[in-house]
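*Asks:* Shown below is the structure under consideration.
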Amino acid sequence: MENNLLSAIESNWISLLVSAVLLGGLYYMAKKRVGFGTRVLVALGLGLAAGIIFNTFKLDTEGVGTIGSIYINLIRMIVIPLVFVLVINSIISITNIEFLRKISVKTIGWFLATTGVAAIIGLLVASLINPGAGFELTKPENFEVREVPSFFQVILNQVPANPFMDAAEGRVVPILIFALFIAIAIVKIGAKKPDAVQPVKAFVQSATEIMHQVVKFVLRFTPYGVYALIAVMAARYGWETLEPLGMLIVVSYIALILHFVFVFGGLVSFVAKVSPLRFFRKAYPTVAVAFTTRSSFATLPINLEVITKRLRVSPKIASFVAPLGATMNFNGCGGVWPAVVSVFVSQVYGIALSATDYVLIVLVSVISSIGVAGVPGPASISTTVVLTAIGLPLEGIALVVAVESLIDMGRTAVNATGTTVTALLVANSEGEFDRESFNRGEEDELELNPV
């Protein structure tokens with residue numbers, strides 16, 4: 001009988017040995033109290049360099065990939081309970097229902113508005129650069145187009161039927177809705193019978209503190225997980241694979257960067273009236289983690305820390321906006337990407353798009369972005385909905401799957417940053433933003449170094 005352990009070591013020992021040395025270096029940096037953002041950036045560089053070496057010498061990276069998967073699994077472990085207690089704790093701390101209604105409308109309004117602008121930017125950049133011009137039609141073997149649920153089925157899927165089953169399946173939207181019902185019920189009863197809900201409120205507040213500590217434990221593994229995830233990705237894709245689709249990558253990142261700099265920077269400057277350079281510096285840990293993990297949910301814990309401790313937004317706003325943003329704020333995945341792919345596919349198949357098609361792309365992108373799960377990959381569903389709406393061949397999605405993972409890093413960074421921007425805008429409008437502390441550069445430690 002083959003020994004699985006010996007077989008794994010034999011095929012992975014070089015990549016694991018190299019990784020052990022590099023991870024040891026990252027741990028040494030942590031012991032020396034090097035900043036969290038710096039360590040994530042170093043991990044990104046080390047992972048990229050190691051991945052290129054692994055790719056060059058055709059080394060097996062399954063063992064390294066397991067390290068990255070363990071990190072992602074730990075993040076997924078905390079997402080459901082974190083969202084559940086945060087939403088309840090946030091709402092029960094708001095005794096004014098009118099205040100809750102106002103921040104809900106503002107938050108969702110900013111999410112949808114910025115996603116619409118992102119789709120417009122994606123259309124403009126793709127139309128000007130023509131990423132599909134001269135492209136030779138090919139598609140991966142065994143590609144299957146995912147089934148697109150109807151609009152009404154999408155709505156139905158978001159309504160909780162069995163919260164325990166939803167939690168087990170990692171479906172965040174139903175859990176969020178269930179938490180909203182419980183929180184509003186606590187507020188309603190508490191207004192008439194405070195003593196009746198006091199034990200529940202104490203439990204939720206205690207659970208929130210405990211989950212915050214669990215989050216700190218898990219996030220300390222971030223640099224190591226980032227190294228592993230980037231190393232495996234760099235080892236998987238060689239330049240030969242990416243060259244034919246290089247223009248699509250370029251167009252996507254140009255659109256994402258334009259949205260990041262001008263839309264987010266403009267909102268921070270002219271609406272919140274703070275320095276965009278200072279904002280982006282403070283938000284850097286969120287951007288770095290989102291870029292490397294490719295998951296809005298994986299970024300949620302660090303985003304909460306950044307919003308409250310670095311941007312100086314009140315926990316009352318942060319704990320409401322951040323979980324909601326991880327669920328439905330997808331400027332990159334639901335705005336830029338479907339628009340760019342629509343133009344790309346239309347060019348590849350020689351199908352002209354009309355002005356009506358462009359308007360439809362923006363509208364459908366905004367609608368389909370709601371409820372897209374904040375984990376790597378599901379932007380394909382949103383894109384499929386858009387392609388179907390304007391009558392483009394769904395087979396076109398097969399052309400972009402080879403590079404989607406690379407573009408997903410930029411998309412997720414834009415998604416997470418959009419949530420951070422929205423939290424600042426909402427807090428500023430409601431007087432929940434400590435502007436003086438922000439301008440003085442006061443920042444609490446993120447407490448992500450090993451003890």
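For the structure tokens, the naming scheme is as follows: chains receive sequential letters (A, B, ...) according to their order of presentation, residues are indexed from 1 within each chain, and ligands are indexed from 1 in presentation order.
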Quick one: pick out all helix (DSSP H, G or I) residues within segment 62-211 of chain A from a backbone DSSP run and write them as an NGL selection string.
*Replies:* :A and (62-92 or 97-129 or 151-158 or 163-168 or 172-192 or 194-211)
*Asks:* Would you write out, as a tab-separated table, a table of all residues in segment 258-370 of chain A that have an atom no more than 12 Å from an atom of segment 25-48 of chain A, listing for each the closest atom pair and the distance in Å to one decimal, considering only C-alpha atoms and ordering rows by chain and rising residue number?
*Replies:*
residue	atom	partner	partner_atom	distance
A:Arg281	CA	A:Gly37	CA	10.1
A:Lys282	CA	A:Gly37	CA	9.9
A:Ala283	CA	A:Gly37	CA	9.8
A:Tyr284	CA	A:Gly37	CA	6.9
A:Pro285	CA	A:Gly37	CA	5.1
A:Thr286	CA	A:Gly37	CA	8.8
A:Val287	CA	A:Gly37	CA	9.5
A:Ala288	CA	A:Val40	CA	6.8
A:Val289	CA	A:Val40	CA	7.4
A:Ala290	CA	A:Val40	CA	10.9
A:Phe291	CA	A:Leu44	CA	9.6
A:Thr292	CA	A:Leu44	CA	7.3
A:Thr293	CA	A:Leu44	CA	10.6
A:Ile302	CA	A:Phe36	CA	10.6
A:Val306	CA	A:Gly37	CA	11.1
*Asks:* Can you write just those residues out, N, CA and C atoms, as an mmCIF file, in the first residue's frame?
*Replies:*
data_model
loop_
_atom_site.group_PDB
_atom_site.id
_atom_site.type_symbol
_atom_site.label_atom_id
_atom_site.label_comp_id
_atom_site.auth_asym_id
_atom_site.auth_seq_id
_atom_site.Cartn_x
_atom_site.Cartn_y
_atom_site.Cartn_z
ATOM 1 N N ARG A 281 -3.791 55.569 2.732
ATOM 2 C CA ARG A 281 -2.732 55.035 3.578
ATOM 3 C C ARG A 281 -3.328 54.284 4.764
ATOM 4 N N LYS A 282 -4.357 54.850 5.364
ATOM 5 C CA LYS A 282 -5.001 54.198 6.504
ATOM 6 C C LYS A 282 -5.735 52.925 6.089
ATOM 7 N N ALA A 283 -6.294 52.922 4.871
ATOM 8 C CA ALA A 283 -7.068 51.771 4.396
ATOM 9 C C ALA A 283 -6.190 50.692 3.781
ATOM 10 N N TYR A 284 -4.871 50.918 3.751
ATOM 11 C CA TYR A 284 -3.975 49.979 3.077
ATOM 12 C C TYR A 284 -4.119 48.521 3.539
ATOM 13 N N PRO A 285 -4.197 48.228 4.854
ATOM 14 C CA PRO A 285 -4.336 46.814 5.244
ATOM 15 C C PRO A 285 -5.547 46.135 4.610
ATOM 16 N N THR A 286 -6.655 46.845 4.496
ATOM 17 C CA THR A 286 -7.840 46.285 3.850
ATOM 18 C C THR A 286 -7.558 45.963 2.384
ATOM 19 N N VAL A 287 -6.930 46.894 1.683
ATOM 20 C CA VAL A 287 -6.622 46.703 0.260
ATOM 21 C C VAL A 287 -5.697 45.504 0.076
ATOM 22 N N ALA A 288 -4.663 45.408 0.917
ATOM 23 C CA ALA A 288 -3.681 44.328 0.788
ATOM 24 C C ALA A 288 -4.299 42.959 1.025
ATOM 25 N N VAL A 289 -5.106 42.849 2.070
ATOM 26 C CA VAL A 289 -5.728 41.552 2.388
ATOM 27 C C VAL A 289 -6.753 41.174 1.323
ATOM 28 N N ALA A 290 -7.533 42.127 0.859
ATOM 29 C CA ALA A 290 -8.524 41.848 -0.181
ATOM 30 C C ALA A 290 -7.844 41.407 -1.470
ATOM 31 N N PHE A 291 -6.753 42.073 -1.837
ATOM 32 C CA PHE A 291 -6.047 41.765 -3.076
ATOM 33 C C PHE A 291 -5.481 40.348 -3.060
ATOM 34 N N THR A 292 -4.984 39.931 -1.919
ATOM 35 C CA THR A 292 -4.311 38.632 -1.857
ATOM 36 C C THR A 292 -5.249 37.472 -1.553
ATOM 37 N N THR A 293 -6.301 37.696 -0.770
ATOM 38 C CA THR A 293 -7.217 36.596 -0.442
ATOM 39 C C THR A 293 -8.312 36.423 -1.483
ATOM 40 N N ILE A 302 -10.597 42.253 9.031
ATOM 41 C CA ILE A 302 -9.579 43.308 9.024
ATOM 42 C C ILE A 302 -10.205 44.639 8.630
ATOM 43 N N VAL A 306 -9.878 48.213 10.516
ATOM 44 C CA VAL A 306 -9.380 49.410 9.828
ATOM 45 C C VAL A 306 -10.381 50.559 9.937
#
*Asks:* For a quick check of understanding, using only C-alpha atoms, which of A:Leu180, A:Met328, A:Ile186, A:Ile407 has the smallest distance to Val200 of chain A?
*Replies:*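 Comparing A:Leu180, A:Met328, A:Ile186, A:Ile407 against Val200 of chain A, the winner is A:Ile186.
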*Asks:* From the set A:Val159, A:Leu123, A:Val232, A:Ala413, which residue has the shortest atom-to-atom contact distance to Cys333 of chain A, counting only C-alpha atoms?
*Replies:*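 Of all the options, A:Ala413 lies closest to Cys333 of chain A.
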*Asks:* Identify, on the basis of only C-alpha atoms, every residue whose closest approach to Ala185 of chain A does not exceed 12 Å; exclude the query and any residue fewer than 2 positions from it along the same chain; express the result as an NGL selection string.
*Replies:* :A and (88 or 91-92 or 95 or 97 or 178-183 or 187-193 or 196-197 or 200-201)
*Asks:* Next, dump the selected residues to file, keeping only N, CA and C atoms, as a PDB file, in the first residue's frame.
*Replies:*
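Output file again.pdb follows:
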ATOM      1  N   ILE A  88     -26.619  42.004  14.921  1.00  0.00           N
ATOM      2  CA  ILE A  88     -27.525  42.139  16.068  1.00  0.00           C
ATOM      3  C   ILE A  88     -26.992  43.190  17.044  1.00  0.00           C
ATOM      4  N   ILE A  91     -27.441  46.792  15.726  1.00  0.00           N
ATOM      5  CA  ILE A  91     -28.805  47.328  15.698  1.00  0.00           C
ATOM      6  C   ILE A  91     -29.360  47.539  17.104  1.00  0.00           C
ATOM      7  N   ILE A  92     -29.066  46.629  18.038  1.00  0.00           N
ATOM      8  CA  ILE A  92     -29.610  46.808  19.391  1.00  0.00           C
ATOM      9  C   ILE A  92     -28.958  48.002  20.097  1.00  0.00           C
ATOM     10  N   THR A  95     -31.073  52.705  19.373  1.00  0.00           N
ATOM     11  CA  THR A  95     -32.426  52.723  19.937  1.00  0.00           C
ATOM     12  C   THR A  95     -33.390  53.527  19.065  1.00  0.00           C
ATOM     13  N   ILE A  97     -35.079  53.937  15.726  1.00  0.00           N
ATOM     14  CA  ILE A  97     -35.385  53.204  14.499  1.00  0.00           C
ATOM     15  C   ILE A  97     -35.232  54.099  13.269  1.00  0.00           C
ATOM     16  N   PHE A 178     -31.910  37.061   8.900  1.00  0.00           N
ATOM     17  CA  PHE A 178     -32.381  36.457  10.150  1.00  0.00           C
ATOM     18  C   PHE A 178     -31.911  37.292  11.354  1.00  0.00           C
ATOM     19  N   ALA A 179     -30.655  37.729  11.298  1.00  0.00           N
ATOM     20  CA  ALA A 179     -30.112  38.563  12.373  1.00  0.00           C
ATOM     21  C   ALA A 179     -30.855  39.893  12.462  1.00  0.00           C
ATOM     22  N   LEU A 180     -31.237  40.451  11.315  1.00  0.00           N
ATOM     23  CA  LEU A 180     -31.998  41.700  11.304  1.00  0.00           C
ATOM     24  C   LEU A 180     -33.338  41.532  12.020  1.00  0.00           C
ATOM     25  N   PHE A 181     -34.037  40.438  11.737  1.00  0.00           N
ATOM     26  CA  PHE A 181     -35.318  40.169  12.399  1.00  0.00           C
ATOM     27  C   PHE A 181     -35.146  40.081  13.914  1.00  0.00           C
ATOM     28  N   ILE A 182     -34.145  39.334  14.338  1.00  0.00           N
ATOM     29  CA  ILE A 182     -33.926  39.166  15.776  1.00  0.00           C
ATOM     30  C   ILE A 182     -33.578  40.511  16.422  1.00  0.00           C
ATOM     31  N   ALA A 183     -32.686  41.264  15.779  1.00  0.00           N
ATOM     32  CA  ALA A 183     -32.256  42.539  16.347  1.00  0.00           C
ATOM     33  C   ALA A 183     -33.411  43.522  16.466  1.00  0.00           C
ATOM     34  N   VAL A 187     -35.074  45.249  19.862  1.00  0.00           N
ATOM     35  CA  VAL A 187     -35.281  46.694  20.031  1.00  0.00           C
ATOM     36  C   VAL A 187     -36.745  46.990  20.330  1.00  0.00           C
ATOM     37  N   LYS A 188     -37.636  46.309  19.608  1.00  0.00           N
ATOM     38  CA  LYS A 188     -39.070  46.546  19.763  1.00  0.00           C
ATOM     39  C   LYS A 188     -39.538  46.167  21.170  1.00  0.00           C
ATOM     40  N   ILE A 189     -39.156  44.969  21.613  1.00  0.00           N
ATOM     41  CA  ILE A 189     -39.561  44.515  22.941  1.00  0.00           C
ATOM     42  C   ILE A 189     -38.877  45.336  24.032  1.00  0.00           C
ATOM     43  N   GLY A 190     -37.594  45.677  23.779  1.00  0.00           N
ATOM     44  CA  GLY A 190     -36.833  46.425  24.769  1.00  0.00           C
ATOM     45  C   GLY A 190     -37.403  47.798  25.046  1.00  0.00           C
ATOM     46  N   ALA A 191     -38.107  48.369  24.055  1.00  0.00           N
ATOM     47  CA  ALA A 191     -38.706  49.689  24.258  1.00  0.00           C
ATOM     48  C   ALA A 191     -39.838  49.635  25.280  1.00  0.00           C
ATOM     49  N   LYS A 192     -40.482  48.459  25.410  1.00  0.00           N
ATOM     50  CA  LYS A 192     -41.605  48.311  26.342  1.00  0.00           C
ATOM     51  C   LYS A 192     -41.206  47.537  27.600  1.00  0.00           C
ATOM     52  N   LYS A 193     -40.377  46.491  27.413  1.00  0.00           N
ATOM     53  CA  LYS A 193     -39.980  45.650  28.548  1.00  0.00           C
ATOM     54  C   LYS A 193     -38.458  45.475  28.552  1.00  0.00           C
ATOM     55  N   ALA A 196     -36.911  42.235  29.967  1.00  0.00           N
ATOM     56  CA  ALA A 196     -37.157  40.977  29.259  1.00  0.00           C
ATOM     57  C   ALA A 196     -36.046  40.645  28.260  1.00  0.00           C
ATOM     58  N   VAL A 197     -35.424  41.663  27.698  1.00  0.00           N
ATOM     59  CA  VAL A 197     -34.397  41.417  26.669  1.00  0.00           C
ATOM     60  C   VAL A 197     -32.981  41.647  27.186  1.00  0.00           C
ATOM     61  N   VAL A 200     -30.531  38.666  26.835  1.00  0.00           N
ATOM     62  CA  VAL A 200     -30.142  38.418  25.435  1.00  0.00           C
ATOM     63  C   VAL A 200     -29.134  39.464  24.977  1.00  0.00           C
ATOM     64  N   LYS A 201     -29.391  40.724  25.333  1.00  0.00           N
ATOM     65  CA  LYS A 201     -28.477  41.796  24.943  1.00  0.00           C
ATOM     66  C   LYS A 201     -27.100  41.583  25.573  1.00  0.00           C
TER      67      LYS A 201
END
*Asks:* With only C-alpha atoms as the atoms that count, which of A:Ala423, A:Val64, A:Ile53, A:Val105 lies nearest to Asn12 of chain A?
*Replies:*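 Distance minimum relative to Asn12 of chain A lands on A:Val64.
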*Asks:* Which of these, A:Thr417, A:Thr308, A:Asn73, A:Thr356, has the shortest distance to Asp434 of chain A once you count only C-alpha atoms?
*Replies:*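 Closest to Asp434 of chain A, using only C-alpha atoms: A:Thr308.
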*Asks:* Of the residues A:Leu424, A:Val414, A:Val345, A:Leu300, which is the one nearest to Ile75 of chain A, using only C-alpha atoms?
*Replies:* A:Leu300
*Asks:* Show me, as a CSV table (one decimal) with N, CA, C and O atoms, in the first residue's frame, the residues that have an atom within 12 Å of Ser295 of chain A when counting only C-alpha atoms, minus same-chain residues fewer than 5 positions from it.
*Replies:*
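Saved as result-v3.csv:
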chain,number,residue,atom,x,y,z
A,71,TYR,N,-5.8,28.7,5.8
A,71,TYR,CA,-6.1,30.1,6.1
A,71,TYR,C,-7.5,30.5,5.7
A,71,TYR,O,-8.3,31.1,6.5
A,72,ILE,N,-7.9,30.2,4.5
A,72,ILE,CA,-9.2,30.6,3.9
A,72,ILE,C,-10.3,29.8,4.7
A,72,ILE,O,-11.3,30.4,5.0
A,73,ASN,N,-10.1,28.6,5.1
A,73,ASN,CA,-11.0,27.8,5.9
A,73,ASN,C,-11.2,28.5,7.3
A,73,ASN,O,-12.4,28.5,7.8
A,75,ILE,N,-10.9,31.6,8.0
A,75,ILE,CA,-11.7,32.8,7.7
A,75,ILE,C,-13.2,32.5,7.6
A,75,ILE,O,-14.0,33.1,8.2
A,76,ARG,N,-13.4,31.4,6.8
A,76,ARG,CA,-14.8,31.0,6.6
A,76,ARG,C,-15.4,30.6,7.9
A,76,ARG,O,-16.6,30.7,8.1
A,79,VAL,N,-16.9,33.7,9.7
A,79,VAL,CA,-17.7,34.7,8.9
A,79,VAL,C,-19.1,34.6,9.4
A,79,VAL,O,-19.7,35.7,9.8
A,226,VAL,N,-1.4,34.7,2.9
A,226,VAL,CA,-1.1,35.5,1.7
A,226,VAL,C,0.0,34.9,0.9
A,226,VAL,O,0.0,34.8,-0.3
A,229,LEU,N,-1.1,31.6,-0.8
A,229,LEU,CA,-2.1,31.8,-1.9
A,229,LEU,C,-1.4,32.4,-3.2
A,229,LEU,O,-1.7,32.0,-4.3
A,286,THR,N,-6.7,46.8,4.5
A,286,THR,CA,-7.8,46.3,3.9
A,286,THR,C,-7.6,46.0,2.4
A,286,THR,O,-7.9,44.9,1.9
A,287,VAL,N,-6.9,46.9,1.7
A,287,VAL,CA,-6.6,46.7,0.3
A,287,VAL,C,-5.7,45.5,0.1
A,287,VAL,O,-5.9,44.7,-0.8
A,288,ALA,N,-4.7,45.4,0.9
A,288,ALA,CA,-3.7,44.3,0.8
A,288,ALA,C,-4.3,43.0,1.0
A,288,ALA,O,-4.1,42.0,0.3
A,289,VAL,N,-5.1,42.8,2.1
A,289,VAL,CA,-5.7,41.6,2.4
A,289,VAL,C,-6.8,41.2,1.3
A,289,VAL,O,-6.8,40.0,0.9
A,290,ALA,N,-7.5,42.1,0.9
A,290,ALA,CA,-8.5,41.8,-0.2
A,290,ALA,C,-7.8,41.4,-1.5
A,290,ALA,O,-8.3,40.5,-2.1
A,300,LEU,N,-13.4,41.0,5.6
A,300,LEU,CA,-14.3,41.6,6.6
A,300,LEU,C,-13.8,41.8,8.0
A,300,LEU,O,-13.9,43.0,8.5
A,301,PRO,N,-13.1,40.9,8.6
A,301,PRO,CA,-12.6,41.1,9.9
A,301,PRO,C,-11.5,42.3,10.0
A,301,PRO,O,-11.6,43.1,10.8
A,302,ILE,N,-10.6,42.3,9.0
A,302,ILE,CA,-9.6,43.3,9.0
A,302,ILE,C,-10.2,44.6,8.6
A,302,ILE,O,-9.8,45.7,9.1
A,303,ASN,N,-11.2,44.6,7.8
A,303,ASN,CA,-11.9,45.8,7.4
A,303,ASN,C,-12.6,46.5,8.6
A,303,ASN,O,-12.5,47.7,8.7
A,326,ALA,N,-19.8,43.4,2.6
A,326,ALA,CA,-19.2,42.1,2.2
A,326,ALA,C,-20.2,41.2,1.5
A,326,ALA,O,-19.9,40.3,0.7
A,327,THR,N,-21.5,41.6,1.6
A,327,THR,CA,-22.6,40.8,1.0
A,327,THR,C,-23.1,41.4,-0.3
A,327,THR,O,-23.4,40.7,-1.2
A,330,PHE,N,-20.2,45.3,-4.6
A,330,PHE,CA,-19.3,44.7,-5.5
A,330,PHE,C,-19.0,45.6,-6.7
A,330,PHE,O,-19.4,45.2,-7.8
A,332,GLY,N,-16.2,46.1,-8.1
A,332,GLY,CA,-15.3,45.4,-9.1
A,332,GLY,C,-15.9,44.2,-9.7
A,332,GLY,O,-16.0,44.1,-11.0
A,333,CYS,N,-16.5,43.3,-8.9
A,333,CYS,CA,-17.0,42.0,-9.5
A,333,CYS,C,-18.4,42.2,-10.2
A,333,CYS,O,-18.6,41.6,-11.2
A,372,VAL,N,-24.3,38.8,-4.7
A,372,VAL,CA,-23.2,37.9,-5.2
A,372,VAL,C,-22.4,37.6,-4.0
A,372,VAL,O,-22.0,38.4,-3.2
A,373,ALA,N,-22.1,36.3,-3.8
A,373,ALA,CA,-21.4,35.9,-2.6
A,373,ALA,C,-20.0,36.4,-2.6
A,373,ALA,O,-19.3,36.5,-3.6
A,374,GLY,N,-19.5,36.8,-1.4
A,374,GLY,CA,-18.2,37.5,-1.3
A,374,GLY,C,-17.1,36.4,-1.1
A,374,GLY,O,-16.3,36.5,-0.2
A,375,VAL,N,-17.0,35.5,-2.0
A,375,VAL,CA,-15.9,34.5,-2.0
A,375,VAL,C,-15.3,34.5,-3.4
A,375,VAL,O,-16.0,34.9,-4.4
A,376,PRO,N,-14.1,34.0,-3.6
A,376,PRO,CA,-13.5,34.0,-4.9
A,376,PRO,C,-14.3,33.3,-6.0
A,376,PRO,O,-14.8,32.2,-5.8
A,377,GLY,N,-14.5,33.9,-7.1
A,377,GLY,CA,-15.1,33.2,-8.3
A,377,GLY,C,-16.5,33.6,-8.7
A,377,GLY,O,-16.8,33.6,-9.9
A,378,PRO,N,-17.5,34.0,-7.8
A,378,PRO,CA,-18.9,34.1,-8.2
A,378,PRO,C,-19.2,35.2,-9.1
A,378,PRO,O,-20.3,35.4,-9.5
A,379,ALA,N,-18.2,36.1,-9.4
A,379,ALA,CA,-18.5,37.2,-10.3
A,379,ALA,C,-18.9,36.6,-11.7
A,379,ALA,O,-19.5,37.3,-12.5
A,405,SER,N,-8.8,34.6,-12.2
A,405,SER,CA,-8.2,34.6,-10.8
A,405,SER,C,-7.3,35.8,-10.6
A,405,SER,O,-7.2,36.4,-9.6
A,408,ASP,N,-9.4,38.9,-10.4
A,408,ASP,CA,-10.2,38.9,-9.2
A,408,ASP,C,-9.5,39.5,-8.0
A,408,ASP,O,-10.1,40.0,-7.1
A,409,MET,N,-8.2,39.5,-8.0
A,409,MET,CA,-7.4,40.2,-6.9
A,409,MET,C,-7.7,41.7,-6.9
A,409,MET,O,-8.0,42.3,-5.9
A,410,GLY,N,-7.7,42.3,-8.1
A,410,GLY,CA,-8.0,43.7,-8.2
A,410,GLY,C,-9.4,44.0,-8.0
A,410,GLY,O,-9.8,45.0,-7.3
A,411,ARG,N,-10.3,43.1,-8.5
A,411,ARG,CA,-11.7,43.3,-8.3
A,411,ARG,C,-12.1,43.3,-6.8
A,411,ARG,O,-12.8,44.2,-6.3
A,412,THR,N,-11.5,42.4,-6.1
A,412,THR,CA,-11.9,42.3,-4.6
A,412,THR,C,-11.3,43.4,-3.9
A,412,THR,O,-11.9,43.9,-2.9
A,413,ALA,N,-10.1,43.9,-4.2
A,413,ALA,CA,-9.5,45.1,-3.6
A,413,ALA,C,-10.5,46.3,-3.7
A,413,ALA,O,-10.7,47.1,-2.8
A,414,VAL,N,-11.0,46.5,-4.9
A,414,VAL,CA,-12.0,47.6,-5.2
A,414,VAL,C,-13.3,47.3,-4.4
A,414,VAL,O,-13.8,48.3,-3.8
A,415,ASN,N,-13.7,46.1,-4.4
A,415,ASN,CA,-15.0,45.8,-3.6
A,415,ASN,C,-14.8,46.2,-2.1
A,415,ASN,O,-15.6,47.0,-1.6
A,416,ALA,N,-13.7,45.8,-1.5
A,416,ALA,CA,-13.5,46.0,-0.1
A,416,ALA,C,-13.3,47.5,0.2
A,416,ALA,O,-13.7,48.0,1.2
*Asks:* Quick one: distance from atom CA of Ser11 of chain A to atom CA of Val218 of chain A in Å, one decimal?
*Replies:* 29.0 Å
*Asks:* So, counting only C-alpha atoms, which residue among A:Ala298, A:Val173, A:Ile249, A:Ile155 is closest to Ile129 of chain A?
*Replies:* A:Ile249
*Asks:* Which residues are near Ile121 of chain A? Cut-off 10 Å, only C-alpha atoms, ignore same chain within fewer than 2 positions. Put them as an MDAnalysis selection string.
*Replies:* chainID A and resid 115:119 123:127 254:256 258:259 263 335:336 339:340 362
*Asks:* Using only C-alpha atoms, which residues sit within 9 Å of Tyr349 of chain A once same-chain residues fewer than 6 positions away are excluded, as an NGL selection string?
*Replies:* :A and (132 or 137 or 392-393 or 396)
*Asks:* So that I can see what lies close to Gln213 of chain A, please list as an MDAnalysis selection string the residues with an atom at most 12 Å from it, counting only C-alpha atoms and leaving out residues fewer than 2 positions away in the same chain.
*Replies:* chainID A and resid 78 82 206:211 215:220 301 305 446:448
*Asks:* Could you work out how far atom CA of Arg312 of chain A lies from atom CA of Gly441 of chain A, giving the answer in Å with one decimal?
*Replies:*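 Interatomic distance, atom CA of Gly441 of chain A to atom CA of Arg312 of chain A: 9.7 Å.
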